[in-house]
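Enquirer: You'll find model25.txt just under this line, and it carries compact mmCIF, C-alpha atoms.
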```
# COMPACT_ATOMS: atom_id res chain seq x y z
CA MET A 1 0.00 0.00 0.00
CA ALA A 2 1.49 3.33 -1.04
CA VAL A 3 0.98 6.25 1.30
CA SER A 4 1.31 9.80 -0.01
CA LEU A 5 1.50 13.08 1.86
CA LYS A 6 0.00 15.31 -0.80
CA LEU A 7 -3.42 16.59 0.30
CA GLU A 8 -6.20 16.96 -2.22
CA LYS A 9 -9.61 18.60 -2.08
CA THR A 10 -11.66 15.48 -2.83
CA HIS A 11 -13.66 13.81 -0.08
CA LYS A 12 -13.60 10.07 -0.66
CA THR A 13 -15.14 8.71 2.52
CA PRO A 14 -15.13 5.03 3.47
CA GLY A 15 -18.13 3.56 5.18
CA ALA A 16 -18.19 1.39 8.27
CA THR A 17 -20.84 0.13 10.63
CA LEU A 18 -21.17 0.24 14.40
CA ALA A 19 -24.15 -1.05 16.39
CA GLY A 20 -26.06 -1.37 13.15
CA GLU A 21 -25.48 2.26 12.20
CA THR A 22 -23.75 3.42 9.03
CA LEU A 23 -20.65 5.53 9.67
CA ILE A 24 -19.01 7.75 7.08
CA LEU A 25 -15.47 8.67 8.10
CA ASP A 26 -15.04 12.05 6.49
CA LEU A 27 -11.75 13.38 5.18
CA SER A 28 -12.23 16.50 7.30
CA GLY A 29 -11.97 14.44 10.49
CA ALA A 30 -15.72 14.58 11.10
CA LEU A 31 -18.08 11.63 11.40
CA TRP A 32 -21.19 11.67 9.21
CA LEU A 33 -24.24 9.61 10.17
CA PRO A 34 -26.28 9.74 6.96
CA GLU A 35 -29.36 7.93 8.29
CA HIS A 36 -29.70 10.60 10.98
CA ARG A 37 -28.31 13.57 9.00
CA THR A 38 -25.95 14.09 11.93
CA LEU A 39 -22.42 15.50 11.77
CA VAL A 40 -20.11 14.72 14.70
CA VAL A 41 -16.85 16.54 15.42
CA SER A 42 -14.61 16.15 18.44
CA ASP A 43 -12.05 18.21 20.32
CA LEU A 44 -12.26 21.55 18.55
CA HIS A 45 -10.29 23.21 21.39
CA LEU A 46 -11.43 26.66 20.28
CA GLU A 47 -9.40 29.52 21.74
CA LYS A 48 -6.46 27.31 22.69
CA GLY A 49 -4.02 29.92 21.40
CA SER A 50 -5.57 32.68 23.48
CA ALA A 51 -5.60 30.37 26.53
CA PHE A 52 -1.83 29.95 26.30
CA ALA A 53 -1.38 33.69 25.99
CA ALA A 54 -3.64 34.43 28.98
CA ARG A 55 -2.07 31.84 31.29
CA SER A 56 1.61 31.90 30.48
CA GLY A 57 2.28 34.81 28.16
CA GLN A 58 3.20 32.26 25.49
CA PHE A 59 1.87 33.78 22.28
CA LEU A 60 0.81 31.30 19.62
CA PRO A 61 -0.56 32.37 16.23
CA PRO A 62 -4.06 33.63 17.12
CA TYR A 63 -5.78 31.97 14.17
CA ASP A 64 -6.55 28.48 15.48
CA THR A 65 -10.22 29.24 16.17
CA ARG A 66 -10.74 30.84 12.76
CA GLU A 67 -9.10 27.91 10.96
CA THR A 68 -11.07 25.32 12.92
CA LEU A 69 -14.37 27.10 12.28
CA ALA A 70 -13.53 27.47 8.58
CA ASN A 71 -12.98 23.71 8.34
CA LEU A 72 -16.21 23.08 10.21
CA HIS A 73 -18.06 25.49 7.90
CA GLU A 74 -16.79 23.55 4.88
CA ALA A 75 -18.09 20.25 6.28
CA VAL A 76 -21.45 21.75 7.25
CA ALA A 77 -21.90 23.42 3.86
CA ARG A 78 -21.03 20.22 2.01
CA LEU A 79 -23.15 17.79 4.04
CA ASP A 80 -25.99 20.08 5.21
CA PRO A 81 -26.63 18.24 8.50
CA ALA A 82 -29.87 18.57 10.44
CA ARG A 83 -27.90 18.02 13.64
CA VAL A 84 -24.32 18.86 14.66
CA VAL A 85 -22.77 17.25 17.73
CA CYS A 86 -19.54 18.69 19.15
CA LEU A 87 -18.12 15.80 21.14
CA GLY A 88 -16.50 17.63 24.04
CA ASP A 89 -13.50 19.91 24.57
CA SER A 90 -15.05 22.25 22.04
CA PHE A 91 -13.38 25.08 23.98
CA HIS A 92 -9.91 24.80 25.44
CA ASP A 93 -11.12 26.15 28.79
CA ALA A 94 -14.24 27.51 30.46
CA GLN A 95 -13.28 31.10 29.60
CA GLY A 96 -12.91 30.32 25.90
CA PRO A 97 -16.35 31.62 24.89
CA ALA A 98 -15.61 35.00 26.51
CA ARG A 99 -12.42 35.33 24.43
CA LEU A 100 -14.10 34.61 21.10
CA ASP A 101 -13.64 37.24 18.44
CA VAL A 102 -16.90 38.89 17.37
CA ALA A 103 -16.56 37.45 13.85
CA ASP A 104 -15.93 33.94 15.19
CA ARG A 105 -18.94 34.17 17.48
CA ALA A 106 -21.06 35.25 14.52
CA LEU A 107 -19.81 32.31 12.46
CA ILE A 108 -20.79 29.85 15.19
CA ALA A 109 -24.26 31.40 15.29
CA ALA A 110 -24.56 31.14 11.50
CA LEU A 111 -23.53 27.48 11.56
CA GLN A 112 -26.16 26.76 14.20
CA GLU A 113 -29.02 28.45 12.36
CA GLY A 114 -31.75 25.99 11.42
CA ARG A 115 -29.93 23.04 13.01
CA ASP A 116 -30.06 21.11 16.25
CA TRP A 117 -26.65 21.88 17.76
CA ILE A 118 -25.43 19.93 20.79
CA TRP A 119 -22.33 20.67 22.85
CA ILE A 120 -21.22 17.52 24.71
CA SER A 121 -19.27 18.42 27.83
CA GLY A 122 -15.58 17.54 27.94
CA ASN A 123 -12.89 17.65 30.58
CA HIS A 124 -11.66 21.05 29.33
CA ASP A 125 -15.04 22.77 28.93
CA ARG A 126 -17.40 21.09 31.39
CA ALA A 127 -18.17 24.45 33.01
CA VAL A 128 -19.40 25.97 29.74
CA GLN A 129 -23.20 25.85 29.84
CA ASP A 130 -24.42 28.93 27.99
CA GLY A 131 -23.42 31.92 25.88
CA VAL A 132 -22.59 30.02 22.69
CA GLY A 133 -26.01 28.91 21.46
CA GLY A 134 -27.14 25.35 21.00
CA ARG A 135 -27.90 23.00 23.86
CA PHE A 136 -25.69 21.11 26.29
CA ALA A 137 -25.50 17.44 27.31
CA ASP A 138 -23.14 14.95 28.93
CA THR A 139 -24.05 12.17 26.48
CA LEU A 140 -26.34 11.79 23.50
CA THR A 141 -28.00 8.75 21.98
CA VAL A 142 -28.35 8.72 18.19
CA GLY A 143 -29.96 5.52 16.94
CA GLY A 144 -27.84 2.67 18.28
CA LEU A 145 -24.90 4.95 19.13
CA THR A 146 -23.94 6.59 22.41
CA LEU A 147 -21.94 9.80 21.95
CA ARG A 148 -19.73 11.03 24.79
CA HIS A 149 -16.41 12.79 25.26
CA GLU A 150 -14.31 10.22 27.13
CA PRO A 151 -14.59 6.50 26.43
CA ALA A 152 -16.30 4.70 29.30
CA ALA A 153 -14.34 2.32 31.52
CA THR A 154 -16.81 -0.44 30.67
CA ARG A 155 -17.11 -1.24 26.98
CA GLU A 156 -20.52 -0.23 25.68
CA PRO A 157 -21.52 -1.38 22.18
CA GLY A 158 -22.02 1.59 19.87
CA GLU A 159 -19.88 4.08 21.80
CA VAL A 160 -18.47 7.07 19.89
CA ALA A 161 -15.96 9.13 21.89
CA GLY A 162 -13.08 11.55 21.51
CA HIS A 163 -10.64 12.92 24.11
CA PHE A 164 -7.44 11.12 23.05
CA HIS A 165 -6.69 12.89 19.73
CA PRO A 166 -5.52 9.67 18.03
CA VAL A 167 -2.83 9.73 15.36
CA GLY A 168 -1.36 6.83 13.42
CA LYS A 169 2.17 6.51 12.10
CA VAL A 170 3.22 4.33 9.18
CA ALA A 171 6.83 3.81 8.10
CA MET A 172 7.41 2.45 4.60
CA ARG A 173 10.45 2.48 2.34
CA GLY A 174 12.34 4.75 4.70
CA ARG A 175 9.54 7.28 4.88
CA ALA A 176 7.23 7.96 7.82
CA VAL A 177 3.70 9.32 7.63
CA ARG A 178 1.91 10.52 10.77
CA ARG A 179 -1.76 11.45 10.49
CA ARG A 180 -4.90 11.99 12.50
CA CYS A 181 -7.11 8.93 12.50
CA PHE A 182 -10.37 7.32 13.49
CA VAL A 183 -9.87 4.22 15.66
CA LEU A 184 -12.54 1.56 15.30
CA ASP A 185 -13.37 -2.00 16.29
CA GLY A 186 -16.70 -3.79 16.47
CA THR A 187 -17.71 -2.04 19.69
CA ARG A 188 -16.46 1.54 19.79
CA LEU A 189 -15.05 4.40 17.76
CA VAL A 190 -12.56 7.00 18.99
CA MET A 191 -12.65 10.17 16.92
CA PRO A 192 -9.68 12.28 15.76
CA ALA A 193 -9.38 15.82 17.05
CA PHE A 194 -10.97 18.30 14.66
CA GLY A 195 -9.23 21.39 16.02
CA ALA A 196 -6.39 23.08 14.15
CA LEU A 197 -4.12 23.29 17.20
CA THR A 198 -4.55 20.03 19.08
CA GLY A 199 -1.62 17.63 18.72
CA GLY A 200 -2.20 13.88 18.99
CA LEU A 201 -1.51 10.63 20.82
CA ASN A 202 0.00 7.74 18.87
CA VAL A 203 -2.45 4.84 18.66
CA ARG A 204 0.32 2.41 19.65
CA ASP A 205 0.23 3.96 23.12
CA LYS A 206 -0.98 1.64 25.89
CA VAL A 207 -4.12 3.77 26.26
CA PHE A 208 -5.43 2.33 22.99
CA ASP A 209 -4.42 -1.22 23.94
CA ASP A 210 -6.66 -0.86 26.99
CA LEU A 211 -9.51 0.63 24.96
CA PHE A 212 -9.26 -1.98 22.19
CA PRO A 213 -7.98 -5.19 23.82
CA ALA A 214 -8.80 -7.33 20.76
CA GLY A 215 -7.14 -4.93 18.34
CA PHE A 216 -8.45 -2.19 16.06
CA THR A 217 -8.26 -0.61 12.64
CA ALA A 218 -6.91 2.92 12.36
CA HIS A 219 -8.44 4.96 9.55
CA LEU A 220 -5.74 7.50 8.71
CA ILE A 221 -6.76 10.77 7.08
CA GLY A 222 -4.58 10.86 3.99
CA ASP A 223 -4.35 12.13 0.44
CA GLY A 224 -7.85 12.69 -0.74
CA ARG A 225 -9.05 9.57 1.08
CA VAL A 226 -9.09 7.80 4.42
CA PHE A 227 -6.80 4.76 4.63
CA ALA A 228 -7.81 1.75 6.75
CA ILE A 229 -4.65 0.36 8.34
CA SER A 230 -4.40 -2.53 10.78
CA ARG A 231 -2.72 -2.06 14.15
CA THR A 232 0.16 -4.34 13.18
CA MET A 233 1.20 -2.00 10.36
CA LEU A 234 1.45 1.03 12.64
CA THR A 235 4.65 2.14 14.35
CA ARG A 236 5.45 3.83 17.62
CA GLU A 237 7.01 7.30 17.86
```
Please re-express this file's structure in structure tokens.
Expert:
Amino acid sequence: MAVSLKLEKTHKTPGATLAGETLILDLSGALWLPEHRTLVVSDLHLEKGSAFAARSGQFLPPYDTRETLANLHEAVARLDPARVVCLGDSFHDAQGPARLDVADRALIAALQEGRDWIWISGNHDRAVQDGVGGRFADTLTVGGLTLRHEPAATREPGEVAGHFHPVGKVAMRGRAVRRRCFVLDGTRLVMPAFGALTGGLNVRDKVFDDLFPAGFTAHLIGDGRVFAISRTMLTRE
């Protein structure tokens, strides 16, 4: 299997199933549930750059929120969901909404217009409960799926979670490719981080061994398509 680094603007999206539900693993890093017209994104970490500046004086480029929202706008415009679920850690901290630029706040409002918009609480933004539109929940059931931020300690069929920002690394012919990925087995799915400034945890970390004791397939976001790669083909950092 050849793996290329060149990104293209096509959106070839493989399908999978979980708990009897059809999953479309979108090239943007979002999950599309076509039978429910539901778009799921995880770990936006909006206002992460401004959080670093406020806490430590470490100034990062202040465009992470704008870039993340632009990517989300593209996915929403292309798929036209009836429902959007933000799967936790949508803001980097509880004060993130107060630091939003006026234009970014307006874009969020425009994206929400005419849609059911649900903010799932995460470990970074659990205290956010108002001021950004939409509605708030700890978990959400969509068909046979249970959507939450952190994977549960007990395996629950049909769980879709985020939190760990999974990335997969493949080394072939002296070349290494490291990409965000969806991690899936027959019971649960862990989503990639959607945010522009999030980093990632290698799926060969022990955390994923504990979450997927019987193994998994990592669906790496690649060149114009999502590549399904078995755990045994992935390398550590």
Enquirer: CA of Val177 (chain A) and CA of Met233 (chain A), how far apart in Å?
Expert: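 Distance between the two atoms: 11.9 Å.
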Enquirer: In terms of the shortest atom-to-atom distance over all atoms listed in the file, which of A:Val85, A:Val170, A:Gly195, A:Leu211 is closest to Tyr63 (chain A)?
Expert: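 Closest to Tyr63 (chain A) of all the choices is A:Gly195.
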Enquirer: Could you list, as a VMD selection string, every residue within 10 Å of region 145-159 of chain A, counting all atoms listed in the file and ignoring same-chain residues fewer than 2 positions away?
Expert: chain A and resid 17 to 21 40 42 to 43 85 to 89 120 to 123 137 to 143 161 to 164 186 to 191 210 to 212
Enquirer: Could those residues be written to a file, using C-alpha atoms, as a short mmCIF file (atom, residue, chain, number, x, y, z; two decimals), in the frame of the given file?
Expert:
```cif
data_model
loop_
_atom_site.label_atom_id
_atom_site.label_comp_id
_atom_site.auth_asym_id
_atom_site.auth_seq_id
_atom_site.Cartn_x
_atom_site.Cartn_y
_atom_site.Cartn_z
CA THR A 17 -20.84 0.13 10.63
CA LEU A 18 -21.17 0.24 14.40
CA ALA A 19 -24.15 -1.05 16.39
CA GLY A 20 -26.06 -1.37 13.15
CA GLU A 21 -25.48 2.26 12.20
CA VAL A 40 -20.11 14.72 14.70
CA SER A 42 -14.61 16.15 18.44
CA ASP A 43 -12.05 18.21 20.32
CA VAL A 85 -22.77 17.25 17.73
CA CYS A 86 -19.54 18.69 19.15
CA LEU A 87 -18.12 15.80 21.14
CA GLY A 88 -16.50 17.63 24.04
CA ASP A 89 -13.50 19.91 24.57
CA ILE A 120 -21.22 17.52 24.71
CA SER A 121 -19.27 18.42 27.83
CA GLY A 122 -15.58 17.54 27.94
CA ASN A 123 -12.89 17.65 30.58
CA ALA A 137 -25.50 17.44 27.31
CA ASP A 138 -23.14 14.95 28.93
CA THR A 139 -24.05 12.17 26.48
CA LEU A 140 -26.34 11.79 23.50
CA THR A 141 -28.00 8.75 21.98
CA VAL A 142 -28.35 8.72 18.19
CA GLY A 143 -29.96 5.52 16.94
CA ALA A 161 -15.96 9.13 21.89
CA GLY A 162 -13.08 11.55 21.51
CA HIS A 163 -10.64 12.92 24.11
CA PHE A 164 -7.44 11.12 23.05
CA GLY A 186 -16.70 -3.79 16.47
CA THR A 187 -17.71 -2.04 19.69
CA ARG A 188 -16.46 1.54 19.79
CA LEU A 189 -15.05 4.40 17.76
CA VAL A 190 -12.56 7.00 18.99
CA MET A 191 -12.65 10.17 16.92
CA ASP A 210 -6.66 -0.86 26.99
CA LEU A 211 -9.51 0.63 24.96
CA PHE A 212 -9.26 -1.98 22.19
#
```
Enquirer: What would the list of residues within 7 Å of (-6.0, 23.9, 15.6) (file frame) look like as a PDB file with C-alpha atoms, in the coordinates of the input, if only C-alpha atoms are what count?
Expert:
```pdb
ATOM      1  CA  ASP A  64      -6.550  28.480  15.480  1.00  0.00           C
ATOM      2  CA  THR A  65     -10.220  29.240  16.170  1.00  0.00           C
ATOM      3  CA  GLU A  67      -9.100  27.910  10.960  1.00  0.00           C
ATOM      4  CA  THR A  68     -11.070  25.320  12.920  1.00  0.00           C
ATOM      5  CA  GLY A 195      -9.230  21.390  16.020  1.00  0.00           C
ATOM      6  CA  ALA A 196      -6.390  23.080  14.150  1.00  0.00           C
ATOM      7  CA  LEU A 197      -4.120  23.290  17.200  1.00  0.00           C
ATOM      8  CA  THR A 198      -4.550  20.030  19.080  1.00  0.00           C
TER       9      THR A 198
END
```
Enquirer: To one decimal place, how far is CA of Ala110 (chain A) from CA of Gly200 (chain A) in Å?
Expert: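 Rounded to one decimal, the two atoms are 29.2 Å apart.
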Enquirer: With distances taken over all atoms listed in the file, which of A:Thr38, A:Gln112, A:Gln129, A:Thr232 is nearest to Leu69 (chain A)?
Expert: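 The closest residue to Leu69 (chain A) is A:Gln112.
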Enquirer: Which of these, A:Phe136, A:Phe208, A:Phe91, A:Trp119, has the shortest distance to Lys48 (chain A) once you count only C-alpha atoms?
Expert: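 Using only C-alpha atoms, the shortest distance to Lys48 (chain A) belongs to A:Phe91.
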Enquirer: Which residue out of A:Gly168, A:Gly96, A:Gly215, A:Pro34 has the minimum interatomic distance to Val132 (chain A) when only C-alpha atoms are used?
Expert: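 The shortest atom-to-atom distance to Val132 (chain A) comes from A:Gly96.
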